[in-house]
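Chemist: Have a look at the structure that comes next, please.
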Amino acid sequence: MNDQKKYVRGVLLCLAATLSWGAMFPLMDVTLKYIDPFTFTCLRYGIAGLIFVVVLRAREGVAGLRLKGERVGLAWLFGTAGFAGFQFLVFFGQDLIGEQGALIASIMMATMPMMGFLVNWVLRKVVPPKWSFAFIGLSFVGVILVVTKGDVAALFNTPQNYGADALLLFAALCWVIYTSGATYFPSWSPIKYTTVTTVLGLGSAVVVTAVLLATGAVAVPTGHAVVTILPELAYMSLIAGFGGVLAWNIGNRNLGPLNGVLFMDVVPITAFTISALTGVIPAGMQVVGALFTASALVLNNLYLRRRAAAAAPAPAAVPAAAASAPAGRSPAGQSAGVGR
């Protein structure tokens, strides 16, 4: 596959992934009326995880399923962050917020690229460029405008919302940690990393959910509730779960994180559009906040591109004598062949 086809494929895959993720937040508004986010997560990734295993087995054979000698503990940690931490916290936080939950949760997800700089700073001691700090600040200003609808004083007047907002931010951080974890397994294909971490993370999710159900902290869903949310479950497990996650991992492998990161802005745009069509209209300042966060992502990407281009070494200059010498001869008249 040539570079142009690889680039186009990466763009299409990242776009498909973020479109599918943007749609899941409005769908969860309906789902959370019937079932808790913990049980739903187990059902969702139980289905997606099984498909991942089948696909990995078909593509890489039995060897793809072997983990002997691999850093299983580290894979479990990243899988738990992504498929237990993120999934539990983002939808639990959305549920606590209520009607505006889908909008606020989706815009919180757009902070992931900026959080990535901070995680890279902590894990790899790579200090973000100075202007990136400014764009990180602009991104969070946008988040504050979305959360408060422009009434910043509400941050201090409504402390009951602090917990839900903090859950959403921590959920975004969990997904950033999970995504960064792929760099610790460079020999694994995207499908293997996704499969192994999904299965291991699902194990953590099942244990936590079992404890919540056994202690009565969460009500056991009825059979009627499960049947009612089957359409949403099908979308969340097959489209957003299996298809979205795999498309994102492969797309970023093709594009690289510098290009792929821009597509995270598609998530809130999609969620805002679907929410508006279903009657949940974002306030004017929420739209402004979303634009602030989108601008931060775009400006940071452009800044990093220019910085990388400026740091790239210039092509070596060809001496005039060498340029004018006959083919196969050096400027001194000696043969340019090997062994001379």
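To be explicit about the labels: the chains of the structure tokens are called A, B, and onward in the order shown, and within each one the residues are counted from 1, while ligands get numbers from 1 in the order they are shown.
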Please tabulate, as CSV, the residues of stretch 171-252 of chain A that come within 6 Å of stretch 42-55 of chain A, each with its closest pair of atoms and the distance in Å to one decimal, counting only C-alpha atoms and ordering rows by chain, then residue number upward.

Modeler:
residue,atom,partner,partner_atom,distance
A:Thr195,CA,A:Phe52,CA,5.2
A:Thr198,CA,A:Gly49,CA,5.9
A:Val199,CA,A:Gly49,CA,5.9
A:Ser237,CA,A:Arg44,CA,4.7
A:Phe242,CA,A:Ala48,CA,5.1

Chemist: So that I have them on file, write out the residues from the current selection with all heavy atoms, as an mmCIF file, in the first residue's frame.

Modeler:
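Ended up saving to again.cif:
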data_model
loop_
_atom_site.group_PDB
_atom_site.id
_atom_site.type_symbol
_atom_site.label_atom_id
_atom_site.label_comp_id
_atom_site.auth_asym_id
_atom_site.auth_seq_id
_atom_site.Cartn_x
_atom_site.Cartn_y
_atom_site.Cartn_z
ATOM 1 N N THR A 195 -7.464 -6.848 21.584
ATOM 2 C CA THR A 195 -8.081 -8.079 22.090
ATOM 3 C C THR A 195 -7.620 -8.407 23.502
ATOM 4 O O THR A 195 -8.438 -8.651 24.399
ATOM 5 C CB THR A 195 -7.753 -9.261 21.164
ATOM 6 O OG1 THR A 195 -8.228 -8.982 19.842
ATOM 7 C CG2 THR A 195 -8.383 -10.539 21.675
ATOM 8 N N THR A 198 -8.812 -5.827 26.044
ATOM 9 C CA THR A 198 -10.264 -5.901 26.237
ATOM 10 C C THR A 198 -10.624 -7.054 27.159
ATOM 11 O O THR A 198 -11.411 -6.900 28.100
ATOM 12 C CB THR A 198 -10.989 -6.072 24.887
ATOM 13 O OG1 THR A 198 -10.728 -4.944 24.060
ATOM 14 C CG2 THR A 198 -12.499 -6.187 25.090
ATOM 15 N N VAL A 199 -10.060 -8.223 26.891
ATOM 16 C CA VAL A 199 -10.375 -9.414 27.698
ATOM 17 C C VAL A 199 -9.914 -9.228 29.142
ATOM 18 O O VAL A 199 -10.663 -9.524 30.096
ATOM 19 C CB VAL A 199 -9.735 -10.662 27.080
ATOM 20 C CG1 VAL A 199 -9.902 -11.856 28.004
ATOM 21 C CG2 VAL A 199 -10.375 -10.962 25.719
ATOM 22 N N SER A 237 -21.881 -2.441 21.283
ATOM 23 C CA SER A 237 -20.919 -3.539 21.291
ATOM 24 C C SER A 237 -20.333 -3.789 19.911
ATOM 25 O O SER A 237 -19.109 -3.976 19.776
ATOM 26 C CB SER A 237 -21.572 -4.812 21.831
ATOM 27 O OG SER A 237 -22.708 -5.159 21.061
ATOM 28 N N PHE A 242 -16.621 -2.871 19.049
ATOM 29 C CA PHE A 242 -15.697 -3.622 18.195
ATOM 30 C C PHE A 242 -15.192 -2.772 17.029
ATOM 31 O O PHE A 242 -13.986 -2.553 16.870
ATOM 32 C CB PHE A 242 -16.389 -4.883 17.668
ATOM 33 C CG PHE A 242 -15.588 -5.606 16.616
ATOM 34 C CD1 PHE A 242 -14.491 -6.364 16.974
ATOM 35 C CD2 PHE A 242 -15.922 -5.492 15.275
ATOM 36 C CE1 PHE A 242 -13.735 -7.016 16.008
ATOM 37 C CE2 PHE A 242 -15.177 -6.141 14.310
ATOM 38 C CZ PHE A 242 -14.079 -6.908 14.675
#

Chemist: Skip A:Val119 itself and residues of its chain fewer than 4 positions away, then list as a PDB file with N, CA and C atoms, in the first residue's frame all residues within 8 Å of it, counting only C-alpha atoms.

Modeler:
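Contents of result-v3.pdb, as written:
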ATOM      1  N   MET A 115      -4.722  15.980  27.212  1.00  0.00           N
ATOM      2  CA  MET A 115      -4.286  15.167  28.350  1.00  0.00           C
ATOM      3  C   MET A 115      -3.128  14.259  27.953  1.00  0.00           C
ATOM      4  N   LEU A 123       4.933  10.018  32.044  1.00  0.00           N
ATOM      5  CA  LEU A 123       5.440   8.678  31.787  1.00  0.00           C
ATOM      6  C   LEU A 123       6.802   8.683  31.099  1.00  0.00           C
ATOM      7  N   VAL A 176      -6.808   7.933  27.820  1.00  0.00           N
ATOM      8  CA  VAL A 176      -5.493   8.396  27.358  1.00  0.00           C
ATOM      9  C   VAL A 176      -4.411   7.430  27.826  1.00  0.00           C
ATOM     10  N   ILE A 177      -4.499   6.996  29.065  1.00  0.00           N
ATOM     11  CA  ILE A 177      -3.521   6.035  29.598  1.00  0.00           C
ATOM     12  C   ILE A 177      -3.594   4.720  28.818  1.00  0.00           C
TER      13      ILE A 177
END

Chemist: Residues of stretch 97-133 of chain A that have any atom at most 12 Å from an atom of stretch 74-93 of chain A: could you tabulate them with the shortest-distance atom pair and the distance in Å to one decimal, using only C-alpha atoms, ordered by chain and increasing number, as JSON lines?

Modeler:
{"residue": "A:Ile97", "atom": "CA", "partner": "A:Gly93", "partner_atom": "CA", "distance": 6.4}
{"residue": "A:Gly98", "atom": "CA", "partner": "A:Gly93", "partner_atom": "CA", "distance": 8.9}
{"residue": "A:Glu99", "atom": "CA", "partner": "A:Gly93", "partner_atom": "CA", "distance": 11.8}
{"residue": "A:Gln100", "atom": "CA", "partner": "A:Gly93", "partner_atom": "CA", "distance": 11.0}
{"residue": "A:Gly101", "atom": "CA", "partner": "A:Gly93", "partner_atom": "CA", "distance": 7.5}
{"residue": "A:Ala102", "atom": "CA", "partner": "A:Phe91", "partner_atom": "CA", "distance": 8.9}
{"residue": "A:Leu103", "atom": "CA", "partner": "A:Gly93", "partner_atom": "CA", "distance": 11.7}
{"residue": "A:Ile104", "atom": "CA", "partner": "A:Gly93", "partner_atom": "CA", "distance": 9.6}
{"residue": "A:Ala105", "atom": "CA", "partner": "A:Val90", "partner_atom": "CA", "distance": 6.8}
{"residue": "A:Ser106", "atom": "CA", "partner": "A:Val90", "partner_atom": "CA", "distance": 9.2}
{"residue": "A:Ile107", "atom": "CA", "partner": "A:Val90", "partner_atom": "CA", "distance": 11.5}
{"residue": "A:Met108", "atom": "CA", "partner": "A:Val90", "partner_atom": "CA", "distance": 9.3}
{"residue": "A:Met109", "atom": "CA", "partner": "A:Val90", "partner_atom": "CA", "distance": 9.1}
{"residue": "A:Met112", "atom": "CA", "partner": "A:Phe86", "partner_atom": "CA", "distance": 11.8}

Chemist: With only C-alpha atoms as the counted atoms, please give the residues lying no more than 12 Å from A:Ala110, apart from itself and same-chain residues fewer than 3 positions off, as a VMD selection string.

Modeler: chain A and resid 18 21 to 22 103 to 107 113 to 116 136 139 to 140 142 to 143 146 168 to 169 171 to 173 175 to 176 261 to 271 289 to 298

Chemist: Env of stretch 62-70 of chain A: 8 Å cut, atoms = only C-alpha atoms, seq-sep filter 5 positions within chain, self excluded. Answer as a list in words.

Modeler: Val53, Leu56, Arg57 and Lys192 of chain A

Chemist: Residues as selected, C-alpha atoms, written as a PDB file, in the first residue's frame, can you do that?

Modeler:
ATOM      1  CA  VAL A  53     -10.802 -13.088  20.088  1.00  0.00           C
ATOM      2  CA  LEU A  56      -7.383 -12.380  16.312  1.00  0.00           C
ATOM      3  CA  ARG A  57      -7.455 -16.179  16.086  1.00  0.00           C
ATOM      4  CA  LYS A 192      -3.753  -8.166  19.416  1.00  0.00           C
TER       5      LYS A 192
END
